[in-house]
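J.: My structure is stored as structure-v7.cif, with mmCIF, C-alpha atoms and all ligand atoms.
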data_data
#
loop_
_atom_site.label_atom_id
_atom_site.label_comp_id
_atom_site.auth_asym_id
_atom_site.auth_seq_id
_atom_site.Cartn_x
_atom_site.Cartn_y
_atom_site.Cartn_z
CA MET W 9 89.27 91.35 65.17
CA ALA W 10 89.02 92.72 68.65
CA PHE W 11 86.48 93.63 71.29
CA LEU W 12 86.88 97.35 71.90
CA VAL W 13 85.31 99.93 74.18
CA LYS W 14 85.72 103.35 72.53
CA LYS W 15 84.96 106.53 74.43
CA TYR W 16 84.45 109.90 72.71
CA GLY W 17 84.67 113.09 74.79
CA GLY W 18 82.62 116.27 74.51
CA THR W 19 84.64 118.01 71.79
CA SER W 20 84.62 114.83 69.69
CA VAL W 21 80.80 114.82 69.64
CA GLY W 22 80.41 118.61 69.90
CA THR W 23 78.51 119.13 66.62
CA VAL W 24 76.26 117.10 64.33
CA GLU W 25 79.10 116.88 61.79
CA ARG W 26 81.48 115.54 64.41
CA ILE W 27 78.94 112.96 65.55
CA GLN W 28 78.64 111.84 61.92
CA ARG W 29 82.41 111.63 61.65
CA VAL W 30 82.57 109.46 64.78
CA ALA W 31 79.83 107.26 63.31
CA GLU W 32 81.94 106.76 60.18
CA GLN W 33 84.95 105.73 62.25
CA LEU W 34 82.82 103.28 64.20
CA LYS W 35 81.37 101.81 61.01
CA GLN W 36 84.91 101.32 59.75
CA ALA W 37 85.84 99.41 62.92
CA ARG W 38 82.73 97.28 62.59
CA ASP W 39 83.48 96.60 58.91
CA ASP W 40 86.99 95.55 59.94
CA GLY W 41 85.36 92.93 62.16
CA ASP W 42 85.74 94.55 65.57
CA ASP W 43 83.02 94.31 68.20
CA VAL W 44 82.40 97.80 69.49
CA VAL W 45 80.81 99.33 72.57
CA VAL W 46 80.89 103.13 72.42
CA VAL W 47 80.68 105.45 75.39
CA VAL W 48 79.92 109.12 74.76
CA SER W 49 80.07 112.33 76.74
CA ALA W 50 77.60 115.19 76.40
CA MET W 51 78.28 117.67 73.55
CA SER W 52 81.04 120.08 74.64
CA GLY W 53 79.81 122.85 76.92
CA GLU W 54 76.51 121.10 77.60
CA THR W 55 77.25 119.86 81.12
CA ASN W 56 78.43 123.35 82.12
CA ARG W 57 75.28 124.85 80.60
CA LEU W 58 73.09 122.50 82.62
CA VAL W 59 75.01 123.23 85.84
CA GLY W 60 74.40 126.94 85.14
CA LEU W 61 70.65 126.40 84.74
CA ALA W 62 70.50 124.56 88.06
CA LYS W 63 72.41 127.35 89.80
CA ASP W 64 70.01 129.93 88.35
CA ILE W 65 67.09 128.10 89.94
CA GLN W 66 68.84 127.24 93.21
CA PRO W 67 71.67 129.75 93.76
CA GLY W 68 72.42 128.32 97.21
CA ALA W 69 72.74 124.60 97.66
CA VAL W 70 71.55 122.78 94.56
CA ASP W 71 69.47 119.63 95.15
CA VAL W 72 71.98 116.93 94.25
CA ARG W 73 69.45 114.28 93.30
CA GLU W 74 67.68 116.53 90.82
CA LEU W 75 70.98 117.92 89.55
CA ASP W 76 71.96 114.39 88.52
CA VAL W 77 68.63 113.95 86.71
CA LEU W 78 69.39 117.17 84.85
CA LEU W 79 73.06 116.45 84.05
CA ALA W 80 72.34 112.97 82.76
CA THR W 81 70.29 114.49 79.92
CA GLY W 82 73.48 115.74 78.24
CA GLU W 83 74.72 112.23 77.55
CA GLN W 84 71.24 111.00 76.66
CA VAL W 85 71.23 113.45 73.74
CA THR W 86 74.51 112.18 72.32
CA ILE W 87 73.71 108.45 72.57
CA ALA W 88 70.51 109.04 70.61
CA LEU W 89 72.18 111.21 67.96
CA LEU W 90 75.13 108.87 67.52
CA SER W 91 72.85 105.85 67.19
CA MET W 92 70.81 107.71 64.55
CA ALA W 93 73.99 108.63 62.68
CA LEU W 94 75.13 104.98 62.74
CA LYS W 95 71.78 103.78 61.47
CA ALA W 96 71.91 106.37 58.71
CA LEU W 97 75.15 104.69 57.60
CA GLY W 98 73.43 101.30 57.58
CA CYS W 99 74.94 100.10 60.87
CA GLU W 100 72.88 98.31 63.47
CA ALA W 101 73.08 100.36 66.64
CA ARG W 102 71.32 100.57 69.98
CA SER W 103 71.58 103.24 72.65
CA TYR W 104 71.46 102.76 76.41
CA THR W 105 71.37 105.20 79.30
CA GLY W 106 73.36 104.15 82.37
CA GLY W 107 70.16 103.06 84.09
CA GLN W 108 69.05 100.99 81.09
CA VAL W 109 72.34 99.06 81.03
CA LYS W 110 72.10 98.94 84.73
CA ILE W 111 75.34 100.53 85.72
CA LEU W 112 74.66 100.22 89.43
CA THR W 113 76.33 102.84 91.63
CA ASP W 114 76.25 103.88 95.26
CA GLY W 115 73.94 106.76 96.15
CA ALA W 116 76.56 109.54 96.36
CA HIS W 117 75.05 112.00 93.89
CA SER W 118 77.54 113.90 91.70
CA LYS W 119 80.39 111.59 92.74
CA ALA W 120 78.85 108.13 92.63
CA ARG W 121 81.02 105.02 92.45
CA ILE W 122 80.21 102.14 90.14
CA GLU W 123 79.40 98.94 92.03
CA SER W 124 78.39 96.56 89.26
CA ILE W 125 77.44 96.47 85.59
CA ASP W 126 74.84 94.23 84.02
CA THR W 127 76.41 93.01 80.77
CA GLU W 128 73.61 90.78 79.51
CA ASN W 129 71.79 93.16 77.15
CA ILE W 130 74.99 94.62 75.78
CA MET W 131 76.43 91.20 75.04
CA SER W 132 73.31 89.98 73.29
CA ASP W 133 73.30 93.10 71.07
CA ILE W 134 76.99 92.60 70.31
CA ARG W 135 76.38 88.98 69.40
CA ALA W 136 73.60 90.16 67.09
CA GLY W 137 76.12 92.40 65.33
CA SER W 138 75.05 95.78 66.72
CA ILE W 139 77.18 98.66 67.86
CA VAL W 140 76.16 99.44 71.42
CA VAL W 141 76.14 103.12 72.40
CA VAL W 142 76.22 103.82 76.14
CA ALA W 143 75.79 107.15 77.94
CA GLY W 144 78.91 107.97 79.92
CA PHE W 145 79.07 109.68 83.31
CA GLN W 146 75.84 108.17 84.65
CA GLY W 147 74.42 105.22 86.50
CA VAL W 148 71.56 104.29 88.73
CA SER W 149 71.54 103.73 92.49
CA ALA W 150 69.85 100.85 94.31
CA ASP W 151 66.74 102.99 94.95
CA GLY W 152 66.40 103.74 91.23
CA SER W 153 67.75 107.31 91.31
CA ILE W 154 69.90 108.56 88.44
CA THR W 155 73.47 109.21 89.62
CA THR W 156 76.51 110.82 88.01
CA LEU W 157 80.16 109.93 88.48
CA GLY W 158 81.83 113.36 88.81
CA ARG W 159 83.14 115.67 86.09
CA GLY W 160 85.06 113.82 83.42
CA GLY W 161 83.29 110.64 84.54
CA SER W 162 82.66 109.21 81.07
CA ASP W 163 86.27 108.01 81.10
CA THR W 164 85.39 105.92 84.15
CA SER W 165 82.21 104.59 82.53
CA ALA W 166 84.28 103.40 79.59
CA VAL W 167 86.97 101.70 81.65
CA ALA W 168 84.40 100.06 83.94
CA LEU W 169 82.50 98.74 80.92
CA ALA W 170 85.71 97.45 79.38
CA ALA W 171 86.53 95.65 82.64
CA ALA W 172 83.04 94.18 83.04
CA LEU W 173 82.83 93.08 79.40
CA GLY W 174 86.38 91.74 79.28
CA ALA W 175 87.20 93.97 76.30
CA ASP W 176 90.62 93.76 74.65
CA GLU W 177 91.27 97.49 74.99
CA CYS W 178 89.61 100.65 76.25
CA GLN W 179 90.29 103.53 73.86
CA ILE W 180 89.74 107.09 75.05
CA PHE W 181 89.32 109.34 72.00
CA THR W 182 89.78 113.02 72.70
CA ASP W 183 90.97 116.31 71.23
CA VAL W 184 94.71 115.60 71.76
CA ASP W 185 96.58 112.64 70.28
CA GLY W 186 97.74 111.16 73.57
CA VAL W 187 99.12 111.93 77.00
CA TYR W 188 101.82 114.59 76.85
CA THR W 189 104.66 115.54 79.16
CA THR W 190 102.40 118.42 80.17
CA ASP W 191 99.21 120.04 78.85
CA PRO W 192 100.12 120.87 75.22
CA ARG W 193 97.81 123.88 75.42
CA VAL W 194 100.14 125.47 77.97
CA GLU W 195 103.54 124.30 76.68
CA SER W 196 103.69 123.93 72.90
CA LYS W 197 106.97 122.00 73.26
CA ALA W 198 105.19 119.28 75.24
CA ARG W 199 105.93 115.81 73.86
CA ARG W 200 103.54 112.92 73.45
CA LEU W 201 104.46 109.88 75.52
CA GLU W 202 104.22 106.52 73.79
CA LYS W 203 103.67 104.87 77.15
CA ILE W 204 103.12 105.97 80.71
CA THR W 205 102.78 103.77 83.80
CA PHE W 206 99.46 103.50 85.65
CA GLU W 207 101.18 104.85 88.73
CA GLU W 208 102.42 107.99 86.97
CA MET W 209 99.16 108.51 85.11
CA LEU W 210 97.27 108.23 88.38
CA GLU W 211 99.54 110.84 89.94
CA MET W 212 99.23 113.15 86.89
CA ALA W 213 95.43 112.82 86.95
CA SER W 214 95.16 113.43 90.66
CA LEU W 215 97.44 116.47 90.38
CA GLY W 216 95.19 118.06 87.80
CA SER W 217 95.85 116.63 84.29
CA LYS W 218 92.29 116.22 83.21
CA VAL W 219 93.11 114.18 80.12
CA LEU W 220 91.87 111.14 82.10
CA GLN W 221 89.61 111.09 85.14
CA ILE W 222 91.44 109.72 88.20
CA ARG W 223 88.94 106.97 88.85
CA ALA W 224 89.24 105.72 85.29
CA VAL W 225 92.97 105.22 85.80
CA GLU W 226 92.41 103.58 89.20
CA PHE W 227 89.89 101.20 87.69
CA ALA W 228 92.08 100.33 84.73
CA GLY W 229 95.01 99.60 87.04
CA LYS W 230 92.92 97.52 89.41
CA TYR W 231 91.22 95.42 86.74
CA ASN W 232 94.16 95.35 84.38
CA VAL W 233 92.31 97.00 81.50
CA PRO W 234 94.60 97.98 78.62
CA LEU W 235 93.96 101.71 78.31
CA ARG W 236 94.92 103.99 75.43
CA VAL W 237 94.41 107.73 74.81
CA LEU W 238 94.03 108.69 71.14
CA SER W 239 92.89 111.57 68.95
CA THR W 240 89.44 111.56 67.37
CA PHE W 241 90.71 113.85 64.65
CA GLU W 242 94.10 112.44 63.62
CA PRO W 243 95.30 108.89 63.09
CA GLY W 244 98.03 107.58 65.42
CA GLU W 245 98.98 105.14 68.14
CA GLY W 246 98.25 107.55 71.00
CA THR W 247 99.54 106.75 74.47
CA LEU W 248 99.30 103.37 76.16
CA ILE W 249 98.94 103.28 79.95
CA THR W 250 100.98 100.30 81.15
CA TYR W 251 102.33 98.53 84.18
CA ASP W 252 105.78 99.52 85.35
CA ASP W 253 108.54 97.74 83.56
CA GLU W 254 110.95 97.09 86.44
CA GLU W 255 113.91 96.33 84.17
CA ASN W 256 113.82 99.78 82.70
CA THR W 257 113.38 101.72 85.90
CA MET W 258 116.94 103.01 86.03
CA GLU W 259 116.75 104.30 82.50
CA GLN W 260 113.46 105.97 83.03
CA ALA W 261 113.14 109.70 82.99
CA GLN W 262 113.64 111.27 86.39
CA VAL W 263 110.63 113.42 85.70
CA SER W 264 108.10 112.19 83.18
CA GLY W 265 105.47 114.86 83.40
CA ILE W 266 104.28 118.17 84.77
CA ALA W 267 100.76 118.55 86.08
CA PHE W 268 98.92 121.54 87.43
CA ASN W 269 95.63 122.33 89.10
CA ARG W 270 94.12 125.77 88.62
CA ASN W 271 91.24 124.92 90.86
CA GLU W 272 92.82 125.24 94.29
CA ALA W 273 92.53 127.83 97.03
CA GLN W 274 94.53 128.26 100.20
CA ILE W 275 93.24 128.97 103.69
CA THR W 276 95.26 129.85 106.82
CA VAL W 277 93.96 129.79 110.37
CA VAL W 278 96.31 132.24 112.07
CA GLY W 279 97.54 132.04 115.66
CA VAL W 280 95.93 128.87 116.97
CA ALA W 281 97.30 127.09 120.06
CA ASP W 282 100.24 124.80 119.30
CA GLN W 283 98.86 121.75 121.08
CA PRO W 284 97.64 118.21 120.35
CA GLY W 285 94.33 117.96 118.57
CA ILE W 286 94.46 121.27 116.73
CA ALA W 287 94.55 119.74 113.23
CA TYR W 288 91.56 117.62 114.09
CA LYS W 289 89.72 120.57 115.60
CA ILE W 290 90.10 122.55 112.36
CA LEU W 291 89.86 119.82 109.73
CA GLY W 292 87.32 117.51 111.41
CA PRO W 293 84.40 119.90 110.87
CA VAL W 294 85.66 120.74 107.35
CA SER W 295 85.58 117.09 106.44
CA ASP W 296 82.11 116.79 108.05
CA LEU W 297 81.01 119.36 105.46
CA ASN W 298 82.10 116.77 102.86
CA ILE W 299 84.91 119.04 101.68
CA GLU W 300 88.19 117.49 100.63
CA VAL W 301 91.39 119.00 101.94
CA ASP W 302 94.50 118.67 99.82
CA MET W 303 97.86 120.05 101.04
CA ILE W 304 98.32 120.75 104.75
CA VAL W 305 101.14 122.75 106.35
CA GLN W 306 101.54 123.80 109.94
CA ASN W 307 104.01 126.60 110.65
CA LYS W 308 105.53 127.32 114.02
CA GLY W 309 104.40 130.79 115.06
CA MET W 310 105.50 133.06 117.91
CA GLY W 311 104.81 132.37 121.61
CA GLY W 312 103.24 128.92 121.60
CA THR W 313 100.87 129.54 118.71
CA THR W 314 100.92 128.17 115.21
CA ASP W 315 99.52 129.02 111.77
CA PHE W 316 97.63 126.22 110.10
CA THR W 317 97.42 126.30 106.30
CA PHE W 318 95.65 123.97 103.89
CA THR W 319 94.22 123.95 100.39
CA VAL W 320 90.74 123.07 99.14
CA ASP W 321 88.92 123.11 95.84
CA ARG W 322 88.23 126.69 94.74
CA ASN W 323 84.49 125.99 94.64
CA ASP W 324 84.58 125.26 98.37
CA TYR W 325 86.76 128.25 99.29
CA SER W 326 84.18 130.79 100.45
CA LYS W 327 82.19 128.15 102.28
CA VAL W 328 85.24 127.03 104.28
CA VAL W 329 86.44 130.59 105.01
CA ALA W 330 82.96 131.59 106.24
CA PHE W 331 82.65 128.43 108.30
CA LEU W 332 86.05 128.73 110.01
CA THR W 333 85.57 132.46 110.58
CA SER W 334 82.35 131.62 112.45
CA LYS W 335 84.39 129.20 114.58
CA LYS W 336 87.22 131.65 115.25
CA GLU W 337 86.43 132.07 118.95
CA GLU W 338 86.02 128.35 119.50
CA LEU W 339 89.41 127.71 117.87
CA SER W 340 90.92 130.72 119.71
CA ALA W 341 92.40 131.79 116.38
CA ASP W 342 93.58 135.34 115.62
CA SER W 343 92.08 135.31 112.14
CA VAL W 344 91.21 133.21 109.09
CA VAL W 345 92.82 134.38 105.87
CA GLY W 346 93.01 132.89 102.42
CA ASN W 347 93.88 133.24 98.78
CA ASP W 348 91.95 131.78 95.88
CA LYS W 349 94.34 133.06 93.22
CA ILE W 350 96.83 130.26 93.63
CA VAL W 351 97.59 127.11 91.63
CA LYS W 352 99.33 123.85 92.37
CA LEU W 353 102.19 122.91 90.08
CA SER W 354 103.73 119.42 90.27
CA ILE W 355 106.41 117.26 88.73
CA VAL W 356 105.78 113.52 88.50
CA GLY W 357 108.04 110.56 87.80
CA VAL W 358 108.74 107.09 89.11
CA GLY W 359 112.38 107.85 88.33
CA MET W 360 112.42 110.12 91.40
CA ARG W 361 112.71 107.02 93.55
CA SER W 362 116.18 106.32 92.25
CA HIS W 363 117.44 109.86 91.75
CA ALA W 364 118.21 112.39 94.45
CA GLY W 365 118.10 116.17 94.12
CA ILE W 366 115.08 116.44 91.83
CA ALA W 367 113.14 118.67 94.23
CA SER W 368 116.04 121.10 94.58
CA ARG W 369 116.35 121.32 90.79
CA MET W 370 112.68 122.18 90.67
CA PHE W 371 113.05 124.87 93.34
CA ARG W 372 116.10 126.34 91.61
CA ALA W 373 114.37 126.49 88.22
CA LEU W 374 111.36 128.23 89.75
CA ALA W 375 113.59 130.61 91.72
CA GLU W 376 115.47 131.54 88.54
CA ALA W 377 112.11 132.31 86.94
CA GLY W 378 111.37 134.63 89.90
CA ILE W 379 108.49 132.52 91.17
CA ASN W 380 107.72 132.48 94.88
CA LEU W 381 106.70 129.17 96.47
CA VAL W 382 103.83 129.43 98.92
CA LEU W 383 103.58 125.77 99.95
CA ILE W 384 105.57 122.64 99.15
CA SER W 385 104.66 118.99 99.49
CA THR W 386 106.43 115.86 98.33
CA SER W 387 105.80 112.15 98.03
CA GLU W 388 107.78 109.28 96.58
CA ILE W 389 107.07 110.08 92.94
CA LYS W 390 105.99 113.73 92.94
CA VAL W 391 106.84 117.20 94.20
CA SER W 392 104.10 119.85 94.33
CA VAL W 393 104.31 123.56 94.98
CA VAL W 394 101.65 126.20 95.36
CA ILE W 395 102.36 129.43 93.46
CA ASP W 396 100.53 132.58 92.41
CA GLU W 397 98.20 131.74 89.51
CA LYS W 398 99.69 134.41 87.29
CA TYR W 399 102.99 132.49 87.16
CA LEU W 400 101.49 129.15 86.14
CA GLU W 401 102.46 129.20 82.45
CA LEU W 402 105.91 130.55 83.23
CA GLY W 403 106.41 127.85 85.88
CA VAL W 404 105.28 125.02 83.61
CA ARG W 405 107.68 126.13 80.88
CA ALA W 406 110.58 126.64 83.28
CA LEU W 407 110.17 123.09 84.60
CA HIS W 408 109.64 121.61 81.17
CA ASP W 409 112.98 123.12 80.12
CA GLU W 410 114.77 122.23 83.36
CA PHE W 411 113.89 118.54 83.06
CA GLU W 412 114.44 118.53 79.29
CA LEU W 413 111.06 117.04 78.61
CA ALA W 414 110.90 118.28 75.04
CA ALA W 415 114.00 116.31 74.05
CA SER W 416 113.35 112.88 72.61
CA SER W 417 114.95 109.47 73.36
CA THR W 418 116.71 110.22 76.68
CA ASN W 419 113.42 110.97 78.37
CA GLU W 420 111.31 108.32 76.71
CA LEU W 421 109.44 106.20 79.20
CA SER W 422 110.07 102.44 79.45
P1 LIG W 501 87.30 115.09 76.65
O1 LIG W 501 86.24 116.10 76.51
O2 LIG W 501 87.61 114.36 75.38
O3 LIG W 501 87.09 114.17 77.81
P2 LIG W 501 89.18 116.65 78.22
O4 LIG W 501 89.09 118.11 77.98
O5 LIG W 501 88.55 116.09 79.43
O6 LIG W 501 88.64 115.91 76.91
O7 LIG W 501 90.71 116.18 78.21
C1 LIG W 501 91.56 116.51 77.13
C2 LIG W 501 92.36 117.76 77.48
O8 LIG W 501 93.25 117.45 78.53
C3 LIG W 501 93.27 118.25 76.38
O9 LIG W 501 92.59 119.09 75.50
C4 LIG W 501 94.40 118.96 77.14
O10 LIG W 501 94.25 120.35 77.12
C5 LIG W 501 94.23 118.48 78.57
N1 LIG W 501 95.46 117.97 79.16
C6 LIG W 501 95.92 118.29 80.40
N2 LIG W 501 97.07 117.68 80.66
C7 LIG W 501 97.37 116.93 79.58
C8 LIG W 501 98.46 116.06 79.25
N3 LIG W 501 99.46 115.83 80.10
N4 LIG W 501 98.44 115.44 78.05
C9 LIG W 501 97.42 115.65 77.19
N5 LIG W 501 96.38 116.48 77.43
C10 LIG W 501 96.34 117.11 78.61
N1 LIG W 502 79.81 115.43 80.47
C1 LIG W 502 80.49 115.20 81.71
C2 LIG W 502 81.43 116.37 82.01
O1 LIG W 502 81.47 117.34 81.27
C3 LIG W 502 81.24 113.91 81.74
C4 LIG W 502 82.39 113.78 80.74
O2 LIG W 502 82.46 114.53 79.77
O3 LIG W 502 83.18 112.88 80.92
O4 LIG W 502 82.08 116.36 83.01
MG MG W 503 87.46 114.35 79.87
#
Let me see whether you can do it: turn the structure in this file into structure tokens.
Ligand code: ADP
Ligand code: ASP
Ligand code: MG
T.:
Amino acid sequence: MAFLVKKYGGTSVGTVERIQRVAEQLKQARDDGDDVVVVVSAMSGETNRLVGLAKDIQPGAVDVRELDVLLATGEQVTIALLSMALKALGCEARSYTGGQVKILTDGAHSKARIESIDTENIMSDIRAGSIVVVAGFQGVSADGSITTLGRGGSDTSAVALAAALGADECQIFTDVDGVYTTDPRVESKARRLEKITFEEMLEMASLGSKVLQIRAVEFAGKYNVPLRVLSTFEPGEGTLITYDDEENTMEQAQVSGIAFNRNEAQITVVGVADQPGIAYKILGPVSDLNIEVDMIVQNKGMGGTTDFTFTVDRNDYSKVVAFLTSKKEELSADSVVGNDKIVKLSIVGVGMRSHAGIASRMFRALAEAGINLVLISTSEIKVSVVIDEKYLELGVRALHDEFELAASSTNELS
């Protein structure tokens, strides 16, 4: 008997049959004596469809408040259907939107942060023997507006509920049977990890592995929520996200995973003055536009000028290029150039702390594959490079081979 929060992603509830299958699994858990709160995503493709409708109506800047009202409908459909399917199986069930639970968030539409969760109604339903079905990805702000938590945000809803309810485990059910050394859809030799540390998972998620939303991992680490990724479609133990086991650090893999982000674009402001304040002059206004900048590189140019390069989300690319081009005179820049056909490829591993030479192995492997590196950035437990998008698959496989991630035992995490 356990108290479990189970989250099912879009593919897992993508058809009526799949919703019924999920309902059967939940009934089984209930029959086994578990208390269950379920969090669901919208049916697969639905959130994208809704975003498309909004863009058709408002091709320029979409009204973010109304967009959240629209997007939240996707999850409202699945909570209702899943509750019906449970009732059809003779299970007591009750659905809640984020606002009905009262998942209180800040007012930052489309990327709201959860501030508190009212657990009273959920707990009284659980005590009465019901399965509680909560809409993921959504909450309500202090002024009563519907908010959403950013793409992939149902993971965060689930972890936050598990933390607030003091659940024994938060189980993320998806279309793969755990966290792999890299996306198994890109490298078929990718290997499922039995365990991965919060720190590494956070790095993988922030470098583009969308198997878990970054904030979900942050939350689980902060509130010590046992978190597991499992398949909806096959039985298995999945992958447990754990705290670092210090004793095993030396034996840990040097590199535990490879992440990539296809959604980046690179912008260079060419020939700006090489003087104090230039980074601020360029990036200050970009950040005022609420646009996040990722990698930043400043190259020494000729004759006292410098080239300033950075990456942004591909969706923000044209906006930033147009904006900086309009500021060219003010920045006394020669030109603003960019490339939105690039990707960021990264290796991640806490083992990098105790092993030297990992970055050079990465560079050699990519060089041998004939892949040119456009930008490089490193931190304690990761090395990232920007490459041409057409070499992504080749790069992932070259690194997977170089760090022998397909082999078992020697690379198993603590
Ligand atoms: P859901 O709709 O269930 O939330 P997502 O599509 O958000 O599912 O996340 C699951 C997908 O994440 C997988 O289908 C897989 O392609 C991708 N993925 C990326 N990196 C990894 C990884 N390292 N391990 C497992 N899956 C990964
Ligand atoms: N439906 C939302 C999305 O597609 C949230 C989620 O699935 O987690 O991003
Ligand atoms: Mg997801």
J.: When the cut-off is 6 Å and you count all atoms listed in the file, which residues lie near ligand MG 503 (chain W), shown as a list in words?
T.: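 Selection of residues at most 6 Å from ligand MG 503 (chain W): Gly17, Gly160, Val219 and Leu220 of chain W.
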J.: Next, write the just-selected residues to a file, as a CSV table (one decimal), in the frame of the given file, keeping C-alpha atoms as the atom set.
T.:
chain,number,residue,atom,x,y,z
W,17,GLY,CA,84.7,113.1,74.8
W,160,GLY,CA,85.1,113.8,83.4
W,219,VAL,CA,93.1,114.2,80.1
W,220,LEU,CA,91.9,111.1,82.1
J.: Please determine, counting all atoms listed in the file, which residue among W:Glu207, W:Thr189, W:Tyr16, W:Glu100 has the shortest atom-to-atom distance to Leu238 of chain W.
T.: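 Of all the options, W:Tyr16 lies closest to Leu238 of chain W.
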J.: Nearest to Arg405 of chain W: which of W:Lys230, W:Arg193, W:Arg270, W:Lys349 is it, counting all atoms listed in the file?
T.: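 When distances to Arg405 of chain W are compared using all atoms listed in the file, the smallest one comes from W:Arg193.
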J.: Of the candidates W:Gln146, W:Ser214, W:Ser103, W:Thr317, which one gets nearest to ligand LIG 501 (chain W) if we count only C-alpha atoms and all ligand atoms?
T.: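 That would be W:Ser214, the residue with the smallest distance to ligand LIG 501 (chain W).
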J.: Could you pull the residues within 7 Å of Gly186 of chain W, counting all atoms listed in the file, minus those fewer than 4 positions along the same chain, as a VMD selection string?
T.: chain W and resid 200 237 to 239 246 to 247
J.: Give as an MDAnalysis selection string the residues surrounding ligand LIG 502 (chain W) up to a distance of 6 Å, considering all atoms listed in the file.
T.: chainID W and resid 17:18 49:50 55 145 159:163
J.: In file coordinates, which residues lie within 12 Å of (86.4, 94.7, 85.7) using all atoms listed in the file, given as an MDAnalysis selection string?
T.: chainID W and resid 122:127 164:176 178 224 226:234
J.: So, counting only C-alpha atoms and all ligand atoms, which residue among W:Leu34, W:Ile389, W:Leu210, W:Val44 is closest to ligand LIG 501 (chain W)?
T.: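 Residue with the minimum atom-to-atom distance to ligand LIG 501 (chain W): W:Leu210.
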J.: Residues near segment 131-135 of chain W, anyone? I mean within 9 Å using all atoms listed in the file, not counting same-chain ones fewer than 3 positions away, as a PDB file with C-alpha atoms, in the coordinates of the input.
T.:
ATOM      1  CA  ASP W  43      83.020  94.310  68.200  1.00  0.00           C
ATOM      2  CA  VAL W  44      82.400  97.800  69.490  1.00  0.00           C
ATOM      3  CA  VAL W  45      80.810  99.330  72.570  1.00  0.00           C
ATOM      4  CA  ALA W 101      73.080 100.360  66.640  1.00  0.00           C
ATOM      5  CA  ARG W 102      71.320 100.570  69.980  1.00  0.00           C
ATOM      6  CA  THR W 127      76.410  93.010  80.770  1.00  0.00           C
ATOM      7  CA  GLU W 128      73.610  90.780  79.510  1.00  0.00           C
ATOM      8  CA  SER W 138      75.050  95.780  66.720  1.00  0.00           C
ATOM      9  CA  ILE W 139      77.180  98.660  67.860  1.00  0.00           C
ATOM     10  CA  VAL W 140      76.160  99.440  71.420  1.00  0.00           C
ATOM     11  CA  LEU W 173      82.830  93.080  79.400  1.00  0.00           C
TER      12      LEU W 173
END
J.: Excluding same-chain residues fewer than 6 positions from segment 272-281 of chain W, what lies within 10 Å of it counting all atoms listed in the file, as a count of residues only?
T.: 52
J.: Measuring atom to atom with all atoms listed in the file, identify which of W:Val21, W:Ile379, W:Ala69, W:Ile384 is nearest to Lys327 of chain W.
T.: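 For Lys327 of chain W, the nearest of the candidates is W:Ala69.
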